[in-house]
Amino acid sequence: DAGVTQSPTHLIKTRGQHVTLRCSPISGHKSVSWYQQVLGQGPQFIFQYYEKEERGRGNFPDRFSARQFPNYSSELNVNALLLGDSALYLCASSLVPLSYEQYFGPGTRLTVT
Amino acid sequence: GNSVTQMEGPVTLSEEAFLTINCTYTATGYPSLFWYVQYPGEGLQLLLKATKADDKGSNKGFEATYRKETTSFHLEKGSVQVSDSAVYFCALMPRGGQGGKLIFGQGTELSVKP
């Protein structure tokens, strides 16, 4: 079975631009979470979605937004990119939001120049 | 608030050495505790978990015991291999309203030399 997939793998953007990152969860999983991992640090929680509704939000500015589609895939959008947004963005899927078992994708490496 | 603190790395060991990576946490209530591993260029993989006090999680020779009295969840392995070289993250998942959100430590890089 396919694991969590994310696209693109790498992305280079300029300050002020907008970016969209995509995630497809494991088949049957209805919950998707997004994390930001800055180099040398642990991942930080951004959002959790379940059944197309936001179920949790971390301490990130409104420039960050996300949505979940009927097929449970998800997009993370970041507007007005800053140099500090450069990071590995990880998507995790689980059967339900409170599941102990969260499966992570390989991530999208975003570089903002 | 909820937080996780890990011992700083990098940790360098010779093959077959004993490994301990310390992890302590601060949380309201009784969270679930996890160890994740990240190999170079890859995402995170769940290594083991414990959902209540005194539980011992184990996988691939790694073990960790949920110690409520010391708020700790130290990772141990009796004999490390070169293939264990990776970054290890301790994490907690709060109970109740914040459930589902993982809170990670800063990670500990392990390098095992032949």
# chains A, B, ... in the order shown; residues from 1 in each chain; ligands from 1
$ closest_atom_pairs --of "chain A" --to "chain B" --cutoff "8 Å" --atoms "only C-alpha atoms" --output "tab-separated table"
residue	atom	partner	partner_atom	distance
A:Gly40	CA	B:Gln106	CA	7.3
A:Gln41	CA	B:Gln106	CA	4.7
A:Gly42	CA	B:Gln106	CA	4.3
A:Pro43	CA	B:Phe104	CA	6.2
A:Gln44	CA	B:Ile103	CA	7.0
A:Phe45	CA	B:Lys101	CA	6.6
A:Gln48	CA	B:Lys101	CA	7.6
A:Gly56	CA	B:Gln98	CA	7.5
A:Leu90	CA	B:Gly43	CA	7.2
A:Pro97	CA	B:Gly100	CA	5.2
A:Leu98	CA	B:Gly100	CA	4.4
A:Ser99	CA	B:Gly100	CA	6.5
A:Tyr100	CA	B:Gly100	CA	7.4
A:Glu101	CA	B:Leu46	CA	7.9
A:Gln102	CA	B:Leu46	CA	7.7
A:Tyr103	CA	B:Gln45	CA	7.0
A:Phe104	CA	B:Leu44	CA	5.6
A:Gly105	CA	B:Gly43	CA	5.6
A:Pro106	CA	B:Gly43	CA	4.0
A:Gly107	CA	B:Gly43	CA	6.0
$ residues_around --residues "segment 12-19 of chain A" --least-positions-apart "4" --cutoff "7 Å" --atoms "only C-alpha atoms" --output "VMD selection string"
chain A and resid 77 to 83 110 to 113
$ residues_around --residues "Leu47 of chain B" --least-positions-apart "3" --cutoff "9 Å" --atoms "only C-alpha atoms" --output "list in words"
Phe34, Trp35, Tyr36, Val37, Gly57, Ser58, Asn59, Lys60 and Phe62 of chain B
$ write_last_selection --atoms "N, CA, C and O atoms" --output "short mmCIF file (atom, residue, chain, number, x, y, z; two decimals), in the first residue's frame"
data_model
loop_
_atom_site.label_atom_id
_atom_site.label_comp_id
_atom_site.auth_asym_id
_atom_site.auth_seq_id
_atom_site.Cartn_x
_atom_site.Cartn_y
_atom_site.Cartn_z
N PHE B 34 5.99 9.33 22.57
CA PHE B 34 6.45 8.68 21.34
C PHE B 34 7.94 8.95 21.12
O PHE B 34 8.48 9.97 21.56
N TRP B 35 8.55 8.03 20.40
CA TRP B 35 9.85 8.26 19.79
C TRP B 35 9.69 8.08 18.29
O TRP B 35 9.16 7.05 17.83
N TYR B 36 10.14 9.10 17.53
CA TYR B 36 10.18 9.04 16.08
C TYR B 36 11.64 9.06 15.64
O TYR B 36 12.50 9.63 16.31
N VAL B 37 11.90 8.47 14.47
CA VAL B 37 13.25 8.47 13.90
C VAL B 37 13.19 9.05 12.50
O VAL B 37 12.22 8.83 11.76
N GLY B 57 7.31 0.92 25.69
CA GLY B 57 7.25 0.77 24.24
C GLY B 57 8.53 0.11 23.76
O GLY B 57 9.61 0.37 24.30
N SER B 58 8.42 -0.73 22.74
CA SER B 58 9.62 -1.38 22.22
C SER B 58 9.45 -1.69 20.74
O SER B 58 8.34 -1.95 20.26
N ASN B 59 10.58 -1.64 20.02
CA ASN B 59 10.57 -1.91 18.58
C ASN B 59 12.00 -1.96 18.09
O ASN B 59 12.81 -1.09 18.44
N LYS B 60 12.34 -2.93 17.28
CA LYS B 60 13.65 -3.05 16.64
C LYS B 60 14.80 -2.98 17.66
O LYS B 60 15.87 -2.43 17.34
N PHE B 62 14.90 -1.19 20.35
CA PHE B 62 14.79 0.04 21.13
C PHE B 62 13.68 -0.11 22.18
O PHE B 62 12.67 -0.77 21.93
#
$ residues_around --residues "segment 67-73 of chain A" --least-positions-apart "3" --cutoff "8 Å" --atoms "only C-alpha atoms" --output "number ranges by chain"
A: 22-25, 29-32, 49-54, 76
$ select_by_dssp --residues "segment 1-56 of chain A" --states "strand (DSSP E or B)" --output "PyMOL selection string"
chain A and resi 5-7+10-13+19-24+31-37+44-50+53-56
$ write_last_selection --atoms "C-alpha atoms" --output "compact mmCIF listing (two decimals), in the first residue's frame"
# COMPACT_ATOMS: atom_id res chain seq x y z
CA THR A 5 2.73 11.20 -0.53
CA GLN A 6 3.67 14.85 -0.83
CA SER A 7 4.38 17.11 -3.77
CA HIS A 10 11.63 20.53 -3.48
CA LEU A 11 10.58 24.09 -4.17
CA ILE A 12 12.40 27.39 -4.45
CA LYS A 13 10.43 30.61 -4.11
CA VAL A 19 3.22 28.58 -2.41
CA THR A 20 0.89 25.57 -2.40
CA LEU A 21 2.01 22.22 -1.02
CA ARG A 22 0.04 19.02 -1.51
CA CYS A 23 -0.48 15.86 0.49
CA SER A 24 -2.28 12.59 -0.16
CA SER A 31 -7.26 13.04 9.09
CA VAL A 32 -4.31 15.07 7.83
CA SER A 33 -1.91 17.19 9.86
CA TRP A 34 0.75 19.63 8.69
CA TYR A 35 4.06 20.34 10.45
CA GLN A 36 6.91 22.74 9.77
CA GLN A 37 10.45 21.51 10.49
CA GLN A 44 6.08 22.29 14.80
CA PHE A 45 2.34 21.65 14.43
CA ILE A 46 0.56 23.91 11.93
CA PHE A 47 -2.89 22.43 11.22
CA GLN A 48 -5.01 19.34 11.57
CA TYR A 49 -7.97 18.58 9.28
CA TYR A 50 -10.62 15.91 9.56
CA GLU A 53 -12.91 20.71 8.75
CA GLU A 54 -10.07 22.32 10.69
CA ARG A 55 -9.68 20.49 14.01
CA GLY A 56 -6.58 22.18 15.33
$ decode --residues "segment 5-105 of chain B" --atoms "C-alpha atoms" --output "mmCIF file, in the first residue's frame"
data_model
loop_
_atom_site.group_PDB
_atom_site.id
_atom_site.type_symbol
_atom_site.label_atom_id
_atom_site.label_comp_id
_atom_site.auth_asym_id
_atom_site.auth_seq_id
_atom_site.Cartn_x
_atom_site.Cartn_y
_atom_site.Cartn_z
ATOM 1 C CA THR B 5 13.250 18.427 26.180
ATOM 2 C CA GLN B 6 15.852 16.039 24.763
ATOM 3 C CA MET B 7 19.540 15.647 25.432
ATOM 4 C CA GLU B 8 21.601 17.583 22.945
ATOM 5 C CA GLY B 9 23.520 15.842 20.223
ATOM 6 C CA PRO B 10 25.281 14.786 18.281
ATOM 7 C CA VAL B 11 25.839 11.487 20.033
ATOM 8 C CA THR B 12 28.645 9.407 18.559
ATOM 9 C CA LEU B 13 28.963 5.727 19.472
ATOM 10 C CA SER B 14 30.872 2.730 18.273
ATOM 11 C CA GLU B 15 28.957 -0.219 16.862
ATOM 12 C CA GLU B 16 27.553 -2.528 19.580
ATOM 13 C CA ALA B 17 27.691 0.209 22.234
ATOM 14 C CA PHE B 18 24.787 0.885 24.618
ATOM 15 C CA LEU B 19 22.569 3.831 23.730
ATOM 16 C CA THR B 20 20.596 6.153 25.971
ATOM 17 C CA ILE B 21 18.902 9.313 24.728
ATOM 18 C CA ASN B 22 17.265 11.275 27.530
ATOM 19 C CA CYS B 23 13.819 12.825 27.145
ATOM 20 C CA THR B 24 11.771 14.698 29.723
ATOM 21 C CA TYR B 25 8.411 16.344 29.269
ATOM 22 C CA THR B 26 6.082 18.907 30.751
ATOM 23 C CA ALA B 27 2.376 18.391 30.254
ATOM 24 C CA THR B 28 -0.996 18.892 31.846
ATOM 25 C CA GLY B 29 -2.653 15.594 32.545
ATOM 26 C CA TYR B 30 -1.242 12.377 31.168
ATOM 27 C CA PRO B 31 -0.079 12.613 27.582
ATOM 28 C CA SER B 32 0.882 9.795 25.250
ATOM 29 C CA LEU B 33 4.606 9.608 24.527
ATOM 30 C CA PHE B 34 6.448 8.682 21.343
ATOM 31 C CA TRP B 35 9.852 8.261 19.788
ATOM 32 C CA TYR B 36 10.177 9.039 16.080
ATOM 33 C CA VAL B 37 13.245 8.468 13.905
ATOM 34 C CA GLN B 38 14.277 10.458 10.853
ATOM 35 C CA TYR B 39 16.836 8.978 8.478
ATOM 36 C CA PRO B 40 18.758 11.354 6.202
ATOM 37 C CA GLY B 41 16.545 12.847 3.523
ATOM 38 C CA GLU B 42 13.405 11.133 4.768
ATOM 39 C CA GLY B 43 10.291 11.922 6.775
ATOM 40 C CA LEU B 44 9.572 10.745 10.300
ATOM 41 C CA GLN B 45 8.896 7.141 11.223
ATOM 42 C CA LEU B 46 7.179 6.098 14.428
ATOM 43 C CA LEU B 47 9.668 4.003 16.401
ATOM 44 C CA LEU B 48 7.681 3.256 19.554
ATOM 45 C CA LYS B 49 4.967 4.623 21.804
ATOM 46 C CA ALA B 50 3.535 4.438 25.323
ATOM 47 C CA THR B 51 0.079 5.664 26.183
ATOM 48 C CA LYS B 52 0.007 5.446 29.987
ATOM 49 C CA ALA B 53 2.299 5.498 32.985
ATOM 50 C CA ASP B 54 4.660 2.504 33.379
ATOM 51 C CA ASP B 55 3.991 1.341 29.817
ATOM 52 C CA LYS B 56 7.099 0.175 27.978
ATOM 53 C CA GLY B 57 7.248 0.765 24.244
ATOM 54 C CA SER B 58 9.623 -1.378 22.215
ATOM 55 C CA ASN B 59 10.566 -1.910 18.584
ATOM 56 C CA LYS B 60 13.654 -3.048 16.645
ATOM 57 C CA GLY B 61 15.647 -3.460 19.878
ATOM 58 C CA PHE B 62 14.790 0.043 21.131
ATOM 59 C CA GLU B 63 12.894 0.498 24.389
ATOM 60 C CA ALA B 64 11.461 3.374 26.415
ATOM 61 C CA THR B 65 9.415 3.368 29.635
ATOM 62 C CA TYR B 66 6.824 6.019 30.511
ATOM 63 C CA ARG B 67 7.895 7.318 33.949
ATOM 64 C CA LYS B 68 5.251 9.613 35.399
ATOM 65 C CA GLU B 69 7.159 10.283 38.618
ATOM 66 C CA THR B 70 10.178 11.656 36.760
ATOM 67 C CA THR B 71 8.227 12.861 33.672
ATOM 68 C CA SER B 72 10.689 11.005 31.486
ATOM 69 C CA PHE B 73 10.695 8.695 28.465
ATOM 70 C CA HIS B 74 14.344 7.807 27.835
ATOM 71 C CA LEU B 75 15.227 5.814 24.714
ATOM 72 C CA GLU B 76 17.599 2.853 25.116
ATOM 73 C CA LYS B 77 19.149 0.188 22.935
ATOM 74 C CA GLY B 78 21.542 -2.456 24.114
ATOM 75 C CA SER B 79 23.706 -2.719 21.004
ATOM 76 C CA VAL B 80 23.581 -0.081 18.274
ATOM 77 C CA GLN B 81 24.367 -0.685 14.600
ATOM 78 C CA VAL B 82 25.666 1.647 11.923
ATOM 79 C CA SER B 83 22.195 1.528 10.360
ATOM 80 C CA ASP B 84 20.777 3.191 13.506
ATOM 81 C CA SER B 85 22.481 6.449 12.555
ATOM 82 C CA ALA B 86 19.656 8.986 12.316
ATOM 83 C CA VAL B 87 17.963 11.813 14.191
ATOM 84 C CA TYR B 88 15.678 10.723 17.025
ATOM 85 C CA PHE B 89 12.734 12.818 18.191
ATOM 86 C CA CYS B 90 10.839 12.450 21.433
ATOM 87 C CA ALA B 91 7.238 13.666 21.229
ATOM 88 C CA LEU B 92 4.061 13.885 23.261
ATOM 89 C CA MET B 93 0.405 13.995 22.335
ATOM 90 C CA PRO B 94 -1.793 15.797 24.869
ATOM 91 C CA ARG B 95 -5.056 14.317 26.009
ATOM 92 C CA GLY B 96 -8.436 15.880 25.479
ATOM 93 C CA GLY B 97 -8.996 19.002 23.450
ATOM 94 C CA GLN B 98 -5.464 19.182 22.095
ATOM 95 C CA GLY B 99 -5.407 15.531 21.162
ATOM 96 C CA GLY B 100 -3.994 14.656 17.803
ATOM 97 C CA LYS B 101 -1.344 17.383 17.948
ATOM 98 C CA LEU B 102 2.190 16.078 18.364
ATOM 99 C CA ILE B 103 4.685 18.219 20.285
ATOM 100 C CA PHE B 104 8.289 17.362 19.478
ATOM 101 C CA GLY B 105 11.614 17.833 21.161
#
